[in-house]
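Shown here: run37.csv, CSV, N, CA and C atoms and all ligand atoms.
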```
chain,number,residue,atom,x,y,z
A,1,MET,N,-0.8,-14.5,-8.2
A,1,MET,CA,0.0,-13.4,-8.7
A,1,MET,C,0.7,-12.7,-7.6
A,2,PRO,N,1.9,-12.3,-7.8
A,2,PRO,CA,2.7,-11.7,-6.7
A,2,PRO,C,2.3,-10.3,-6.4
A,3,THR,N,2.5,-9.9,-5.2
A,3,THR,CA,2.2,-8.5,-4.8
A,3,THR,C,3.5,-7.7,-5.0
A,4,TYR,N,3.3,-6.5,-5.6
A,4,TYR,CA,4.4,-5.6,-5.8
A,4,TYR,C,4.1,-4.3,-5.0
A,5,ARG,N,5.2,-3.7,-4.6
A,5,ARG,CA,5.0,-2.4,-3.9
A,5,ARG,C,5.6,-1.3,-4.8
A,6,TYR,N,4.8,-0.3,-4.9
A,6,TYR,CA,5.3,0.9,-5.6
A,6,TYR,C,5.3,2.1,-4.7
A,7,GLU,N,6.1,3.1,-5.1
A,7,GLU,CA,6.2,4.3,-4.4
A,7,GLU,C,6.3,5.4,-5.4
A,8,ALA,N,5.9,6.6,-5.0
A,8,ALA,CA,6.1,7.8,-5.8
A,8,ALA,C,7.5,7.9,-6.2
A,9,ALA,N,7.8,8.2,-7.5
A,9,ALA,CA,9.1,8.2,-8.0
A,9,ALA,C,9.9,9.4,-7.4
A,10,GLU,N,9.2,10.5,-7.1
A,10,GLU,CA,9.9,11.6,-6.6
A,10,GLU,C,9.3,11.9,-5.2
A,11,SER,N,10.1,11.8,-4.2
A,11,SER,CA,9.6,12.0,-2.8
A,11,SER,C,9.1,13.5,-2.7
A,12,GLY,N,8.0,13.6,-2.1
A,12,GLY,CA,7.4,15.0,-2.0
A,12,GLY,C,6.4,15.2,-3.0
A,13,LYS,N,6.3,14.3,-4.0
A,13,LYS,CA,5.3,14.4,-5.0
A,13,LYS,C,4.3,13.3,-4.8
A,14,GLY,N,3.2,13.3,-5.6
A,14,GLY,CA,2.3,12.3,-5.5
A,14,GLY,C,1.2,12.6,-4.4
A,15,CYS,N,0.2,11.8,-4.4
A,15,CYS,CA,-0.9,12.0,-3.5
A,15,CYS,C,-0.8,11.2,-2.3
A,16,ALA,N,-1.8,11.2,-1.4
A,16,ALA,CA,-1.7,10.4,-0.2
A,16,ALA,C,-1.6,8.9,-0.5
A,17,PHE,N,-2.1,8.5,-1.6
A,17,PHE,CA,-2.1,7.1,-1.9
A,17,PHE,C,-0.7,6.6,-2.3
A,18,CYS,N,0.0,7.4,-3.1
A,18,CYS,CA,1.2,6.9,-3.6
A,18,CYS,C,2.5,7.4,-2.9
A,19,SER,N,2.3,8.5,-2.2
A,19,SER,CA,3.5,9.1,-1.6
A,19,SER,C,4.1,8.2,-0.5
A,20,GLY,N,3.2,7.5,0.2
A,20,GLY,CA,3.6,6.5,1.2
A,20,GLY,C,3.8,5.1,0.7
A,21,GLY,N,3.6,4.9,-0.6
A,21,GLY,CA,3.8,3.6,-1.2
A,21,GLY,C,2.4,2.9,-1.2
A,22,PHE,N,2.3,2.0,-2.2
A,22,PHE,CA,1.1,1.2,-2.2
A,22,PHE,C,1.4,-0.1,-2.8
A,23,GLU,N,0.6,-1.1,-2.7
A,23,GLU,CA,0.8,-2.4,-3.2
A,23,GLU,C,-0.2,-2.7,-4.2
A,24,THR,N,0.2,-3.5,-5.2
A,24,THR,CA,-0.7,-3.9,-6.2
A,24,THR,C,-0.3,-5.3,-6.7
A,25,VAL,N,-1.1,-5.9,-7.4
A,25,VAL,CA,-0.9,-7.3,-7.8
A,25,VAL,C,-1.0,-7.3,-9.3
A,26,HIS,N,0.1,-7.9,-9.9
A,26,HIS,CA,0.0,-8.1,-11.4
A,26,HIS,C,0.9,-9.3,-11.7
A,27,PRO,N,0.7,-9.9,-12.9
A,27,PRO,CA,1.5,-11.1,-13.2
A,27,PRO,C,3.0,-10.7,-13.3
A,28,ILE,N,3.9,-11.6,-13.1
A,28,ILE,CA,5.3,-11.4,-13.2
A,28,ILE,C,5.7,-10.8,-14.5
A,29,ALA,N,5.1,-11.4,-15.5
A,29,ALA,CA,5.4,-10.9,-16.9
A,29,ALA,C,4.5,-9.8,-17.4
A,30,GLY,N,3.6,-9.4,-16.5
A,30,GLY,CA,2.6,-8.3,-16.9
A,30,GLY,C,3.3,-7.0,-16.9
A,31,PRO,N,2.5,-6.0,-17.4
A,31,PRO,CA,3.1,-4.6,-17.4
A,31,PRO,C,3.3,-4.1,-16.0
A,32,ARG,N,4.4,-3.4,-15.9
A,32,ARG,CA,4.6,-2.7,-14.6
A,32,ARG,C,3.7,-1.5,-14.5
A,33,VAL,N,3.5,-1.2,-13.2
A,33,VAL,CA,2.7,0.0,-13.0
A,33,VAL,C,3.6,1.2,-13.1
A,34,GLU,N,3.3,2.1,-13.9
A,34,GLU,CA,4.2,3.3,-14.1
A,34,GLU,C,3.6,4.6,-13.6
A,35,ARG,N,2.3,4.6,-13.3
A,35,ARG,CA,1.7,5.8,-12.8
A,35,ARG,C,0.7,5.5,-11.7
A,36,CYS,N,0.7,6.4,-10.8
A,36,CYS,CA,-0.3,6.2,-9.7
A,36,CYS,C,-1.7,6.1,-10.2
A,37,PRO,N,-2.5,5.1,-9.8
A,37,PRO,CA,-3.8,5.0,-10.3
A,37,PRO,C,-4.7,6.1,-9.8
A,38,GLU,N,-4.3,6.8,-8.7
A,38,GLU,CA,-5.1,7.9,-8.1
A,38,GLU,C,-4.8,9.2,-8.7
A,39,CYS,N,-3.5,9.6,-8.9
A,39,CYS,CA,-3.2,10.9,-9.3
A,39,CYS,C,-2.3,11.0,-10.6
A,40,GLY,N,-1.9,9.8,-11.0
A,40,GLY,CA,-1.1,9.8,-12.3
A,40,GLY,C,0.3,10.2,-12.1
A,41,ALA,N,0.8,10.4,-10.9
A,41,ALA,CA,2.2,10.7,-10.7
A,41,ALA,C,3.1,9.5,-11.1
A,42,PRO,N,4.3,9.7,-11.6
A,42,PRO,CA,5.2,8.6,-11.9
A,42,PRO,C,5.5,7.8,-10.6
A,43,VAL,N,5.5,6.5,-10.7
A,43,VAL,CA,5.8,5.6,-9.5
A,43,VAL,C,6.9,4.7,-9.9
A,44,VAL,N,7.7,4.2,-9.0
A,44,VAL,CA,8.7,3.2,-9.2
A,44,VAL,C,8.4,2.0,-8.3
A,45,ARG,N,8.9,0.9,-8.8
A,45,ARG,CA,8.7,-0.3,-7.9
A,45,ARG,C,9.7,-0.3,-6.8
A,46,ALA,N,9.2,-0.6,-5.6
A,46,ALA,CA,10.1,-0.6,-4.5
A,46,ALA,C,10.9,-1.9,-4.5
A,47,VAL,N,12.1,-1.8,-3.9
A,47,VAL,CA,13.0,-3.0,-3.9
A,47,VAL,C,12.7,-4.1,-3.0
A,48,CYS,N,11.9,-3.8,-2.0
A,48,CYS,CA,11.6,-4.8,-1.0
A,48,CYS,C,10.8,-6.0,-1.6
A,49,ALA,N,11.0,-7.2,-1.0
A,49,ALA,CA,10.4,-8.4,-1.5
A,49,ALA,C,8.9,-8.3,-1.3
A,50,PRO,N,8.2,-9.0,-2.2
A,50,PRO,CA,6.7,-9.0,-2.0
A,50,PRO,C,6.3,-9.5,-0.6
A,51,ASN,N,5.4,-8.8,-0.1
A,51,ASN,CA,4.8,-9.1,1.3
A,51,ASN,C,5.7,-8.8,2.4
A,52,ILE,N,6.8,-8.2,2.1
A,52,ILE,CA,7.7,-7.7,3.2
A,52,ILE,C,7.7,-6.2,3.2
A,53,GLY,N,7.8,-5.7,4.4
A,53,GLY,CA,7.9,-4.2,4.5
A,53,GLY,C,6.5,-3.5,4.3
A,54,ARG,N,5.5,-4.2,4.6
A,54,ARG,CA,4.2,-3.6,4.5
A,54,ARG,C,4.1,-2.5,5.5
A,55,SER,N,3.7,-1.4,5.1
A,55,SER,CA,3.7,-0.2,6.0
A,55,SER,C,2.3,-0.1,6.6
A,56,ARG,N,2.4,0.2,7.9
A,56,ARG,CA,1.2,0.3,8.7
A,56,ARG,C,0.3,1.5,8.2
A,57,THR,N,1.0,2.6,7.8
A,57,THR,CA,0.3,3.7,7.3
A,57,THR,C,-0.5,3.4,6.0
A,58,ASP,N,0.1,2.6,5.2
A,58,ASP,CA,-0.5,2.1,4.0
A,58,ASP,C,-1.8,1.4,4.3
A,59,LEU,N,-1.7,0.5,5.3
A,59,LEU,CA,-2.9,-0.3,5.7
A,59,LEU,C,-3.9,0.6,6.3
A,60,ASP,N,-3.5,1.5,7.1
A,60,ASP,CA,-4.4,2.5,7.8
A,60,ASP,C,-5.1,3.3,6.7
A,61,TYR,N,-4.4,3.7,5.7
A,61,TYR,CA,-4.9,4.5,4.7
A,61,TYR,C,-6.0,3.7,3.9
A,62,ARG,N,-5.7,2.5,3.6
A,62,ARG,CA,-6.6,1.7,2.9
A,62,ARG,C,-7.9,1.4,3.7
A,63,ALA,N,-7.7,1.2,5.0
A,63,ALA,CA,-8.9,0.9,5.8
A,63,ALA,C,-9.7,2.2,5.9
A,64,LYS,N,-9.1,3.3,6.0
A,64,LYS,CA,-9.8,4.6,6.1
A,64,LYS,C,-10.6,4.8,4.8
A,65,ARG,N,-9.9,4.5,3.7
A,65,ARG,CA,-10.5,4.7,2.4
A,65,ARG,C,-11.7,3.8,2.2
A,66,ALA,N,-11.6,2.6,2.8
A,66,ALA,CA,-12.7,1.6,2.7
A,66,ALA,C,-13.8,2.1,3.6
A,67,GLY,N,-13.5,3.0,4.5
A,67,GLY,CA,-14.6,3.5,5.3
A,67,GLY,C,-14.9,2.7,6.6
A,68,PHE,N,-14.0,1.9,7.0
A,68,PHE,CA,-14.3,1.1,8.2
A,68,PHE,C,-13.0,0.7,8.8
A,69,SER,N,-13.1,0.4,10.1
A,69,SER,CA,-12.0,-0.3,10.7
A,69,SER,C,-12.7,-1.2,11.8
A,70,LYS,N,-12.0,-2.3,12.1
A,70,LYS,CA,-12.6,-3.2,12.9
A,70,LYS,C,-11.6,-3.6,14.0
A,71,LEU,N,-12.0,-3.8,15.2
A,71,LEU,CA,-11.1,-4.2,16.2
A,71,LEU,C,-11.2,-5.7,16.5
A,72,ARG,N,-10.0,-6.3,16.6
A,72,ARG,CA,-9.9,-7.7,16.9
A,72,ARG,C,-9.3,-7.9,18.2
A,73,ARG,N,-9.9,-8.7,19.0
A,73,ARG,CA,-9.3,-8.9,20.4
A,73,ARG,C,-8.2,-9.9,20.3
A,74,LEU,N,-7.0,-9.5,20.8
A,74,LEU,CA,-5.8,-10.3,20.8
A,74,LEU,C,-5.6,-11.0,22.1
A,75,GLY,N,-6.0,-10.4,23.1
A,75,GLY,CA,-5.8,-11.0,24.5
A,75,GLY,C,-6.4,-10.1,25.5
A,76,LYS,N,-5.9,-10.3,26.7
A,76,LYS,CA,-6.5,-9.5,27.8
A,76,LYS,C,-6.1,-8.0,27.6
A,77,GLY,N,-7.2,-7.3,27.3
A,77,GLY,CA,-7.0,-5.8,27.1
A,77,GLY,C,-6.2,-5.4,25.9
A,78,GLU,N,-5.9,-6.3,25.0
A,78,GLU,CA,-5.2,-6.0,23.8
A,78,GLU,C,-6.1,-6.1,22.6
A,79,TYR,N,-6.0,-5.1,21.8
A,79,TYR,CA,-6.8,-5.1,20.6
A,79,TYR,C,-5.9,-4.6,19.4
A,80,GLU,N,-6.2,-5.1,18.3
A,80,GLU,CA,-5.5,-4.7,17.1
A,80,GLU,C,-6.6,-4.5,16.0
A,81,LYS,N,-6.3,-3.5,15.2
A,81,LYS,CA,-7.2,-3.2,14.1
A,81,LYS,C,-7.1,-4.3,13.1
A,82,GLU,N,-8.2,-4.7,12.7
A,82,GLU,CA,-8.3,-5.8,11.7
A,82,GLU,C,-9.0,-5.3,10.4
A,83,TYR,N,-8.4,-5.6,9.3
A,83,TYR,CA,-8.9,-5.0,8.1
A,83,TYR,C,-9.5,-6.1,7.2
A,101,ZN,ZN,-0.8,9.3,-6.4
```
Translate the structure described by the file into structure tokens.
Amino acid sequence: MPTYRYEAAESGKGCAFCSGGFETVHPIAGPRVERCPECGAPVVRAVCAPNIGRSRTDLDYRAKRAGFSKLRRLGKGEYEKEY
């Protein structure tokens, strides 16, 4: 199933989850997400293509929400958070 990105329909409204945008998965022919699953604010589907434009804050938020973050070693002295 494709990944879709949604954002709060009205900027300045919505909760921490939807104001910065969130991604969800549903069938192409499936029902669109119309409301934030967290706060119920109206959301709109973002125009960017699936899997493009992933926001770092979104990922950070999800990691925080999951209650963990993990560091992955990239190279000499370089680390990146891995979720
Ligand atoms: Zn919300």
Enter the distance from CA of Phe22 (chain A) to CA of Arg45 (chain A), in Å, rounded to one decimal. 9.6 Å
Point-to-point distance from CA of Gly20 (chain A) to CA of Glu7 (chain A), Å rounded to tenths: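 One can read the CA of Gly20 (chain A) to CA of Glu7 (chain A) distance as 6.6 Å.
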List all protein, DNA and RNA residues that have at least one atom no more than 8 Å from any atom of ligand ZN 101 (chain A), counting only N, CA and C atoms and all ligand atoms, and write them as a count of residues only. 17
Length of the CA of Arg5 (chain A) to CA of Ala46 (chain A) vector [Å]: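 Distance between the two atoms: 5.4 Å.
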Could you get me a file of region 8-38 of chain A with N, CA and C atoms, as an mmCIF file, in the first residue's frame, taken from the block above?
```
data_model
loop_
_atom_site.group_PDB
_atom_site.id
_atom_site.type_symbol
_atom_site.label_atom_id
_atom_site.label_comp_id
_atom_site.auth_asym_id
_atom_site.auth_seq_id
_atom_site.Cartn_x
_atom_site.Cartn_y
_atom_site.Cartn_z
ATOM 1 N N ALA A 8 -2.265 19.177 8.746
ATOM 2 C CA ALA A 8 -3.424 19.905 9.257
ATOM 3 C C ALA A 8 -3.938 20.844 8.175
ATOM 4 N N ALA A 9 -5.247 20.867 7.980
ATOM 5 C CA ALA A 9 -5.826 21.659 6.902
ATOM 6 C C ALA A 9 -5.616 23.149 7.131
ATOM 7 N N GLU A 10 -5.618 23.540 8.365
ATOM 8 C CA GLU A 10 -5.431 24.957 8.674
ATOM 9 C C GLU A 10 -4.161 25.091 9.482
ATOM 10 N N SER A 11 -3.199 25.816 8.927
ATOM 11 C CA SER A 11 -1.949 25.964 9.660
ATOM 12 C C SER A 11 -2.212 26.725 10.951
ATOM 13 N N GLY A 12 -1.539 26.307 11.968
ATOM 14 C CA GLY A 12 -1.759 26.920 13.269
ATOM 15 C C GLY A 12 -2.770 26.144 14.092
ATOM 16 N N LYS A 13 -3.466 25.220 13.413
ATOM 17 C CA LYS A 13 -4.396 24.384 14.164
ATOM 18 C C LYS A 13 -3.852 22.966 14.194
ATOM 19 N N GLY A 14 -4.482 22.153 14.956
ATOM 20 C CA GLY A 14 -4.046 20.775 15.052
ATOM 21 C C GLY A 14 -3.075 20.588 16.198
ATOM 22 N N CYS A 15 -2.751 19.337 16.435
ATOM 23 C CA CYS A 15 -1.881 18.993 17.554
ATOM 24 C C CYS A 15 -0.454 18.804 17.062
ATOM 25 N N ALA A 16 0.419 18.416 17.946
ATOM 26 C CA ALA A 16 1.820 18.200 17.576
ATOM 27 C C ALA A 16 1.942 17.117 16.512
ATOM 28 N N PHE A 17 1.002 16.217 16.504
ATOM 29 C CA PHE A 17 1.066 15.113 15.552
ATOM 30 C C PHE A 17 0.777 15.585 14.139
ATOM 31 N N CYS A 18 -0.274 16.353 13.953
ATOM 32 C CA CYS A 18 -0.708 16.680 12.602
ATOM 33 C C CYS A 18 -0.246 18.050 12.119
ATOM 34 N N SER A 19 0.111 18.955 13.011
ATOM 35 C CA SER A 19 0.478 20.291 12.541
ATOM 36 C C SER A 19 1.747 20.245 11.714
ATOM 37 N N GLY A 20 2.628 19.313 12.005
ATOM 38 C CA GLY A 20 3.848 19.182 11.217
ATOM 39 C C GLY A 20 3.724 18.165 10.108
ATOM 40 N N GLY A 21 2.552 17.592 9.961
ATOM 41 C CA GLY A 21 2.337 16.583 8.937
ATOM 42 C C GLY A 21 2.625 15.192 9.477
ATOM 43 N N PHE A 22 1.939 14.236 8.924
ATOM 44 C CA PHE A 22 2.182 12.845 9.307
ATOM 45 C C PHE A 22 1.928 11.961 8.108
ATOM 46 N N GLU A 23 2.434 10.763 8.176
ATOM 47 C CA GLU A 23 2.270 9.838 7.071
ATOM 48 C C GLU A 23 1.427 8.664 7.508
ATOM 49 N N THR A 24 0.686 8.172 6.579
ATOM 50 C CA THR A 24 -0.122 7.009 6.879
ATOM 51 C C THR A 24 -0.219 6.163 5.618
ATOM 52 N N VAL A 25 -0.653 4.969 5.778
ATOM 53 C CA VAL A 25 -0.724 4.030 4.663
ATOM 54 C C VAL A 25 -2.161 3.592 4.494
ATOM 55 N N HIS A 26 -2.658 3.694 3.289
ATOM 56 C CA HIS A 26 -3.969 3.123 3.003
ATOM 57 C C HIS A 26 -4.038 2.788 1.524
ATOM 58 N N PRO A 27 -4.956 1.935 1.137
ATOM 59 C CA PRO A 27 -5.033 1.542 -0.270
ATOM 60 C C PRO A 27 -5.343 2.748 -1.151
ATOM 61 N N ILE A 28 -4.895 2.684 -2.416
ATOM 62 C CA ILE A 28 -5.143 3.781 -3.352
ATOM 63 C C ILE A 28 -6.637 4.071 -3.419
ATOM 64 N N ALA A 29 -7.421 3.030 -3.461
ATOM 65 C CA ALA A 29 -8.865 3.215 -3.589
ATOM 66 C C ALA A 29 -9.553 3.359 -2.232
ATOM 67 N N GLY A 30 -8.752 3.287 -1.180
ATOM 68 C CA GLY A 30 -9.342 3.321 0.154
ATOM 69 C C GLY A 30 -9.785 4.708 0.544
ATOM 70 N N PRO A 31 -10.452 4.795 1.650
ATOM 71 C CA PRO A 31 -10.926 6.108 2.103
ATOM 72 C C PRO A 31 -9.756 6.999 2.482
ATOM 73 N N ARG A 32 -9.878 8.252 2.113
ATOM 74 C CA ARG A 32 -8.853 9.209 2.498
ATOM 75 C C ARG A 32 -8.986 9.508 3.977
ATOM 76 N N VAL A 33 -7.864 9.889 4.551
ATOM 77 C CA VAL A 33 -7.907 10.331 5.941
ATOM 78 C C VAL A 33 -8.428 11.754 5.950
ATOM 79 N N GLU A 34 -9.439 12.012 6.702
ATOM 80 C CA GLU A 34 -10.022 13.353 6.734
ATOM 81 C C GLU A 34 -9.783 14.064 8.044
ATOM 82 N N ARG A 35 -9.488 13.279 9.056
ATOM 83 C CA ARG A 35 -9.271 13.907 10.365
ATOM 84 C C ARG A 35 -8.052 13.308 11.036
ATOM 85 N N CYS A 36 -7.396 14.146 11.805
ATOM 86 C CA CYS A 36 -6.223 13.681 12.549
ATOM 87 C C CYS A 36 -6.641 12.592 13.525
ATOM 88 N N PRO A 37 -5.923 11.468 13.498
ATOM 89 C CA PRO A 37 -6.273 10.388 14.427
ATOM 90 C C PRO A 37 -6.001 10.751 15.878
ATOM 91 N N GLU A 38 -5.218 11.790 16.092
ATOM 92 C CA GLU A 38 -4.874 12.185 17.459
ATOM 93 C C GLU A 38 -5.844 13.203 18.035
#
```
